[in-house]
Amino acid sequence: MRVACALTVLWAVVLGCRSDPIRDRPISFSAWRREQMLDYVRNHYRIEQDSLEMLPVMVVAHYTAMDSFDVSFEYMNREEMETGRSLLRKAGNANIAVHFLVDKDGSIFRLMPENQIGRHTIGLNRHAVGIENVGLDANSLTMAQVEANAYIVRRLAKKFPIRYLIGHSEYRRFENTPLWDEIDPKYRTEKYDPGEWFMAALRARVADLNLALEYNRSEIPDRLHYTVTKAAERGTFSGVALVIDNGSVVLRAAWGKNPETGKPLSPEDRFYFASAAKPVTALAVGRLVATGKIAYGTLVAQYFPELRHLLQGVRVEHLLSHSSGLADYYGAGLPEPGFTNADAMKRIAEQKKPLFAPGSRFHYANSNYLLLAELVVKISGKTFEDFVRQEILQRAGMRNAIFLTEPSLSPVVAAKEQRGGIYRYPYRTVGPGGLAGSADDLAALDLAVMDGKLLSAQDLSTMLKPQQRTQKQFGSYGLGWYIDPNRGIFGHDGRFHCYRSVNWLYPKKRQAIVLLANQCIELDPLVHSLDRVLNGLEAVRR
């Protein structure tokens, strides 16, 4: 014990005399090794990326199982996995790569950047910094190494959102958590390093950092923010992102600028929702159904005599599920600014005959939702805007949501077109779209839907029964929502010129993802990445 205390004091003195005891001694990391690591990420995590950059949220302590610093360093400096380690070799050719190597006297060597993925812990490499301690086994490790590890952990915690500290032997505690990336259920190894006494001593020295051994979701907000920030840096996102986990907002931030004013975007900004407004129209119809004023099976031709040639056999449910046989009124070309529902009705009437028998196919058409808006007017006796405000927006607490039927209303963020121009939505139709608001508004809608404030659980389940197969990621369309029946996820996206929106709900976990963008980008990859942060391998596309 006296020897251990003396070593601790000695290491503290050394630390006090040196501004930074960490020395850089990079291991070889050629283009070949980098590509092999990217292959490892692709094959074992099912993630496509062009960089090994990561956000560290965990530190994993190891021992080298070698009693010499030089031997340990030379082993890790080797780029290719040795043939003798058959299980590891089968998983990939890139050799073990860790971030720090600590000699028995406490000397610290940084072998690779802390925010670069290394191969040192199955399943956790994309989130963990590894510290290798020179030693044949737990008994050969020293207190100087404990102190050095504590220094590294503290330094990392100042630089990154480190939330967890584990020994290599404890890595399987994180299976079935969002941090676990390994898709091969058979790829596991039994580990004993660095030993119980070492981890107890290390944890005691950094106890004030409150780093966890068990998973607790504390890293989720930082990982969400990092994920969107990287998308913005790549030029694949400009807008507002809001994420709800377990009913609470865990991310609410903006990236990019309003191209019209040059000012940074704000989470409070209004965006045009585009077709992400269709569920609002569907919910308005659902309110009429719930109060017995109409039924999903109601034939709609009786309300539109001028369209009888198109609506024979068409029911409310066919309009809601895009299976009516109506063509999209935009098929005739983009109309002039100021285009209204009345103008759209004239275009719809020009269709000679249905595209197919009602209910036989899925064909996404804005015409369906324009008719639904007109149906709401006929059944309720109110304007569509007034009915939706009273029955949906106010009930849900969507305080900033506005209809774009009046140009004098509060401003909406302009979109940046691909050639650099500025675009504002110019039409005055409602039902298929025509609604703008903030990410807070869609989040309020999502919580109201999940909490039963708009429809009962039974009525909502009716809307979420798959009606038609689609080519979308969700796979099916219900009554106003795209649906993944396997996971119980539903939502809707919106695309009009360079306005983009996504509203994604997972009631089982009270989760929601809202993305509002003002540039021509594909949002599905970002939604999937955020889903991975929240739900780990559950979100992996099979």
# chains A, B, ... in the order shown; residues from 1 in each chain; ligands from 1
>>> residues_around(residues="Pro354 of chain A", least_positions_apart="2", cutoff="10 Å", atoms="only C-alpha atoms", output="list in words")
His309, Leu310, Leu311, Gln312, Ser324, Gly325, Leu326, Ala327, Gln351, Lys352, Phe356, Ala357 and Pro358 of chain A
>>> write_last_selection(atoms="all heavy atoms", output="tab-separated table (two decimals), in the first residue's frame")
chain	number	residue	atom	x	y	z
A	309	HIS	N	-68.67	11.89	-62.37
A	309	HIS	CA	-68.02	11.01	-63.35
A	309	HIS	C	-66.69	10.47	-62.83
A	309	HIS	O	-66.16	9.50	-63.37
A	309	HIS	CB	-67.78	11.77	-64.65
A	309	HIS	CG	-66.81	12.91	-64.55
A	309	HIS	ND1	-67.07	14.06	-63.82
A	309	HIS	CD2	-65.57	13.09	-65.09
A	309	HIS	CE1	-66.05	14.89	-63.91
A	309	HIS	NE2	-65.12	14.32	-64.67
A	310	LEU	N	-66.17	11.08	-61.76
A	310	LEU	CA	-64.90	10.64	-61.18
A	310	LEU	C	-65.07	9.91	-59.85
A	310	LEU	O	-64.16	9.17	-59.43
A	310	LEU	CB	-63.98	11.84	-60.95
A	310	LEU	CG	-63.51	12.61	-62.18
A	310	LEU	CD1	-62.69	13.82	-61.74
A	310	LEU	CD2	-62.66	11.70	-63.08
A	311	LEU	N	-66.17	10.12	-59.17
A	311	LEU	CA	-66.29	9.69	-57.77
A	311	LEU	C	-67.24	8.53	-57.55
A	311	LEU	O	-67.61	8.25	-56.41
A	311	LEU	CB	-66.74	10.90	-56.92
A	311	LEU	CG	-65.77	12.09	-56.92
A	311	LEU	CD1	-66.34	13.23	-56.07
A	311	LEU	CD2	-64.40	11.68	-56.40
A	312	GLN	N	-67.64	7.82	-58.60
A	312	GLN	CA	-68.52	6.68	-58.41
A	312	GLN	C	-67.81	5.61	-57.56
A	312	GLN	O	-66.76	5.11	-57.94
A	312	GLN	CB	-68.94	6.09	-59.76
A	312	GLN	CG	-69.83	7.03	-60.57
A	312	GLN	CD	-71.09	7.43	-59.81
A	312	GLN	OE1	-71.80	6.56	-59.28
A	312	GLN	NE2	-71.37	8.71	-59.75
A	324	SER	N	-58.35	6.78	-54.47
A	324	SER	CA	-59.63	7.14	-55.08
A	324	SER	C	-59.65	7.00	-56.60
A	324	SER	O	-60.71	6.90	-57.20
A	324	SER	CB	-59.97	8.60	-54.74
A	324	SER	OG	-59.02	9.47	-55.36
A	325	GLY	N	-58.47	7.05	-57.22
A	325	GLY	CA	-58.40	7.07	-58.69
A	325	GLY	C	-58.31	8.48	-59.25
A	325	GLY	O	-58.26	8.65	-60.47
A	326	LEU	N	-58.27	9.50	-58.38
A	326	LEU	CA	-58.11	10.87	-58.85
A	326	LEU	C	-56.66	11.13	-59.25
A	326	LEU	O	-55.73	10.65	-58.59
A	326	LEU	CB	-58.52	11.86	-57.76
A	326	LEU	CG	-60.01	11.96	-57.43
A	326	LEU	CD1	-60.22	12.92	-56.27
A	326	LEU	CD2	-60.82	12.40	-58.65
A	327	ALA	N	-56.50	11.90	-60.30
A	327	ALA	CA	-55.17	12.37	-60.68
A	327	ALA	C	-54.81	13.61	-59.85
A	327	ALA	O	-55.69	14.23	-59.25
A	327	ALA	CB	-55.13	12.71	-62.16
A	351	GLN	N	-60.52	16.10	-65.36
A	351	GLN	CA	-60.12	14.70	-65.52
A	351	GLN	C	-61.28	13.94	-66.15
A	351	GLN	O	-62.43	14.02	-65.68
A	351	GLN	CB	-59.74	14.10	-64.17
A	351	GLN	CG	-59.25	12.67	-64.26
A	351	GLN	CD	-58.83	12.12	-62.89
A	351	GLN	OE1	-58.61	12.86	-61.94
A	351	GLN	NE2	-58.75	10.79	-62.79
A	352	LYS	N	-61.02	13.18	-67.20
A	352	LYS	CA	-62.09	12.53	-67.96
A	352	LYS	C	-62.66	11.31	-67.26
A	352	LYS	O	-63.87	11.08	-67.26
A	352	LYS	CB	-61.56	12.12	-69.35
A	352	LYS	CG	-61.05	13.28	-70.19
A	352	LYS	CD	-62.12	14.33	-70.43
A	352	LYS	CE	-61.61	15.45	-71.32
A	352	LYS	NZ	-62.62	16.54	-71.49
A	356	PHE	N	-58.20	4.44	-61.87
A	356	PHE	CA	-58.39	3.04	-61.51
A	356	PHE	C	-59.61	2.93	-60.60
A	356	PHE	O	-60.16	3.96	-60.17
A	356	PHE	CB	-57.14	2.47	-60.79
A	356	PHE	CG	-56.62	3.36	-59.69
A	356	PHE	CD1	-57.20	3.35	-58.42
A	356	PHE	CD2	-55.54	4.21	-59.93
A	356	PHE	CE1	-56.72	4.17	-57.41
A	356	PHE	CE2	-55.06	5.03	-58.92
A	356	PHE	CZ	-55.64	5.02	-57.65
A	357	ALA	N	-60.04	1.74	-60.34
A	357	ALA	CA	-61.20	1.52	-59.47
A	357	ALA	C	-60.86	1.93	-58.04
A	357	ALA	O	-59.74	1.68	-57.56
A	357	ALA	CB	-61.62	0.06	-59.51
A	358	PRO	N	-61.80	2.53	-57.31
A	358	PRO	CA	-61.53	2.97	-55.94
A	358	PRO	C	-61.03	1.84	-55.05
A	358	PRO	O	-61.58	0.73	-55.08
A	358	PRO	CB	-62.89	3.48	-55.47
A	358	PRO	CG	-63.63	3.83	-56.70
A	358	PRO	CD	-63.17	2.85	-57.75
>>> closest_atom_pairs(of="segment 65-173 of chain A", to="segment 39-43 of chain A", cutoff="9 Å", atoms="only C-alpha atoms", output="Markdown table")
| residue | atom | partner | partner_atom | distance |
| --- | --- | --- | --- | --- |
| A:Ala91 | CA | A:Tyr40 | CA | 7.4 |
| A:Gly92 | CA | A:Tyr40 | CA | 6.0 |
| A:Asn93 | CA | A:Tyr40 | CA | 8.4 |
| A:Ala94 | CA | A:Tyr40 | CA | 8.0 |
| A:Arg119 | CA | A:Tyr40 | CA | 8.8 |
| A:Asn125 | CA | A:Val41 | CA | 8.9 |
| A:Arg126 | CA | A:Val41 | CA | 8.2 |
>>> write_last_selection(atoms="C-alpha atoms", output="mmCIF file, in the first residue's frame")
data_model
loop_
_atom_site.group_PDB
_atom_site.id
_atom_site.type_symbol
_atom_site.label_atom_id
_atom_site.label_comp_id
_atom_site.auth_asym_id
_atom_site.auth_seq_id
_atom_site.Cartn_x
_atom_site.Cartn_y
_atom_site.Cartn_z
ATOM 1 C CA ALA A 91 -14.783 -9.625 -38.771
ATOM 2 C CA GLY A 92 -12.360 -7.384 -40.640
ATOM 3 C CA ASN A 93 -8.765 -6.948 -41.731
ATOM 4 C CA ALA A 94 -8.010 -3.722 -39.862
ATOM 5 C CA ARG A 119 -11.334 -0.888 -33.329
ATOM 6 C CA ASN A 125 -16.341 1.671 -31.323
ATOM 7 C CA ARG A 126 -18.396 4.478 -32.833
#
>>> closest_residue(among="A:Glu374, A:Glu306, A:Asp524, A:Asp208", to="Lys346 of chain A", atoms="only C-alpha atoms")
A:Glu306
>>> closest_residue(among="A:Glu406, A:Glu53, A:Asp103, A:Glu260", to="Asp70 of chain A", atoms="only C-alpha atoms")
A:Asp103
>>> atom_distance(atom1="atom CA of Ile162 of chain A", atom2="atom CA of Gly135 of chain A")
25.4 Å
>>> atom_distance(atom1="atom CA of Gly118 of chain A", atom2="atom CA of Arg34 of chain A")
9.7 Å
>>> closest_residue(among="A:Arg23, A:His492, A:Arg188, A:Arg532", to="Leu515 of chain A", atoms="only C-alpha atoms")
A:His492
>>> residues_around(residues="Glu522 of chain A", least_positions_apart="4", cutoff="10 Å", atoms="only C-alpha atoms", output="short mmCIF file (atom, residue, chain, number, x, y, z; two decimals) with C-alpha atoms, in the first residue's frame")
data_model
loop_
_atom_site.label_atom_id
_atom_site.label_comp_id
_atom_site.auth_asym_id
_atom_site.auth_seq_id
_atom_site.Cartn_x
_atom_site.Cartn_y
_atom_site.Cartn_z
CA THR A 236 -27.41 18.28 -46.28
CA PHE A 237 -29.48 20.21 -43.76
CA ARG A 495 -41.94 18.55 -50.37
CA ARG A 500 -38.92 20.13 -46.98
CA SER A 501 -40.56 18.76 -43.83
CA ALA A 517 -35.89 22.64 -43.99
CA LEU A 526 -31.17 12.36 -41.35
CA VAL A 527 -34.39 10.97 -39.89
#
>>> decode(residues="segment 152-164 of chain A", atoms="all heavy atoms", output="short mmCIF file (atom, residue, chain, number, x, y, z; two decimals), in the first residue's frame")
data_model
loop_
_atom_site.label_atom_id
_atom_site.label_comp_id
_atom_site.auth_asym_id
_atom_site.auth_seq_id
_atom_site.Cartn_x
_atom_site.Cartn_y
_atom_site.Cartn_z
N ILE A 152 -6.58 11.15 -18.12
CA ILE A 152 -7.13 11.08 -19.48
C ILE A 152 -8.65 11.27 -19.44
O ILE A 152 -9.22 12.02 -20.23
CB ILE A 152 -6.77 9.75 -20.14
CG1 ILE A 152 -5.25 9.63 -20.34
CG2 ILE A 152 -7.49 9.61 -21.49
CD1 ILE A 152 -4.79 8.25 -20.77
N VAL A 153 -9.30 10.57 -18.51
CA VAL A 153 -10.76 10.65 -18.42
C VAL A 153 -11.19 12.09 -18.14
O VAL A 153 -12.13 12.61 -18.76
CB VAL A 153 -11.29 9.69 -17.34
CG1 VAL A 153 -12.77 9.95 -17.08
CG2 VAL A 153 -11.07 8.25 -17.76
N ARG A 154 -10.53 12.75 -17.21
CA ARG A 154 -10.89 14.13 -16.90
C ARG A 154 -10.67 15.05 -18.10
O ARG A 154 -11.48 15.95 -18.37
CB ARG A 154 -10.08 14.64 -15.71
CG ARG A 154 -10.49 14.03 -14.38
CD ARG A 154 -9.80 14.67 -13.20
NE ARG A 154 -10.26 14.05 -11.97
CZ ARG A 154 -11.40 14.35 -11.36
NH1 ARG A 154 -12.20 15.28 -11.89
NH2 ARG A 154 -11.75 13.74 -10.25
N ARG A 155 -9.58 14.84 -18.77
CA ARG A 155 -9.30 15.66 -19.96
C ARG A 155 -10.36 15.44 -21.03
O ARG A 155 -10.84 16.40 -21.64
CB ARG A 155 -7.91 15.30 -20.50
CG ARG A 155 -7.50 16.12 -21.71
CD ARG A 155 -6.16 15.63 -22.22
NE ARG A 155 -5.78 16.31 -23.45
CZ ARG A 155 -5.07 17.43 -23.50
NH1 ARG A 155 -4.66 18.00 -22.38
NH2 ARG A 155 -4.76 17.98 -24.66
N LEU A 156 -10.74 14.18 -21.25
CA LEU A 156 -11.77 13.88 -22.25
C LEU A 156 -13.12 14.47 -21.85
O LEU A 156 -13.87 14.96 -22.70
CB LEU A 156 -11.89 12.37 -22.43
CG LEU A 156 -10.72 11.68 -23.14
CD1 LEU A 156 -10.86 10.16 -23.02
CD2 LEU A 156 -10.63 12.09 -24.60
N ALA A 157 -13.43 14.42 -20.56
CA ALA A 157 -14.72 14.92 -20.09
C ALA A 157 -14.85 16.43 -20.27
O ALA A 157 -15.96 16.96 -20.36
CB ALA A 157 -14.91 14.55 -18.62
N LYS A 158 -13.72 17.14 -20.32
CA LYS A 158 -13.75 18.58 -20.59
C LYS A 158 -13.94 18.87 -22.08
O LYS A 158 -14.44 19.94 -22.45
CB LYS A 158 -12.46 19.23 -20.10
CG LYS A 158 -12.32 19.28 -18.59
CD LYS A 158 -11.02 19.95 -18.19
CE LYS A 158 -10.87 20.02 -16.67
NZ LYS A 158 -9.58 20.66 -16.27
N LYS A 159 -13.55 17.94 -22.89
CA LYS A 159 -13.55 18.15 -24.34
C LYS A 159 -14.77 17.57 -25.04
O LYS A 159 -15.22 18.10 -26.07
CB LYS A 159 -12.28 17.53 -24.92
CG LYS A 159 -11.97 17.89 -26.35
CD LYS A 159 -10.61 17.32 -26.76
CE LYS A 159 -10.24 17.70 -28.18
NZ LYS A 159 -8.92 17.14 -28.57
N PHE A 160 -15.29 16.48 -24.49
CA PHE A 160 -16.41 15.77 -25.12
C PHE A 160 -17.48 15.47 -24.07
O PHE A 160 -17.21 15.48 -22.87
CB PHE A 160 -15.93 14.45 -25.74
CG PHE A 160 -14.83 14.61 -26.75
CD1 PHE A 160 -13.52 14.24 -26.45
CD2 PHE A 160 -15.10 15.11 -28.01
CE1 PHE A 160 -12.51 14.38 -27.39
CE2 PHE A 160 -14.09 15.25 -28.96
CZ PHE A 160 -12.79 14.89 -28.64
N PRO A 161 -18.70 15.15 -24.52
CA PRO A 161 -19.78 14.81 -23.58
C PRO A 161 -19.64 13.36 -23.08
O PRO A 161 -20.49 12.50 -23.36
CB PRO A 161 -21.05 15.00 -24.40
CG PRO A 161 -20.62 14.72 -25.80
CD PRO A 161 -19.22 15.24 -25.92
N ILE A 162 -18.57 13.09 -22.33
CA ILE A 162 -18.35 11.74 -21.81
C ILE A 162 -19.38 11.45 -20.72
O ILE A 162 -19.52 12.21 -19.76
CB ILE A 162 -16.93 11.59 -21.25
CG1 ILE A 162 -15.89 11.88 -22.34
CG2 ILE A 162 -16.72 10.19 -20.68
CD1 ILE A 162 -15.93 10.95 -23.53
N ARG A 163 -20.11 10.36 -20.88
CA ARG A 163 -21.16 10.00 -19.93
C ARG A 163 -20.93 8.64 -19.26
O ARG A 163 -21.55 8.35 -18.24
CB ARG A 163 -22.51 9.96 -20.66
CG ARG A 163 -22.93 11.28 -21.30
CD ARG A 163 -23.33 12.30 -20.27
NE ARG A 163 -23.76 13.55 -20.89
CZ ARG A 163 -23.01 14.62 -21.02
NH1 ARG A 163 -21.76 14.61 -20.57
NH2 ARG A 163 -23.48 15.73 -21.60
N TYR A 164 -20.05 7.81 -19.84
CA TYR A 164 -19.88 6.45 -19.34
C TYR A 164 -18.40 6.12 -19.21
O TYR A 164 -17.58 6.55 -20.03
CB TYR A 164 -20.55 5.44 -20.27
CG TYR A 164 -22.00 5.74 -20.55
CD1 TYR A 164 -22.38 6.45 -21.70
CD2 TYR A 164 -23.00 5.35 -19.67
CE1 TYR A 164 -23.71 6.75 -21.96
CE2 TYR A 164 -24.34 5.63 -19.92
CZ TYR A 164 -24.68 6.33 -21.06
OH TYR A 164 -26.00 6.63 -21.31
#
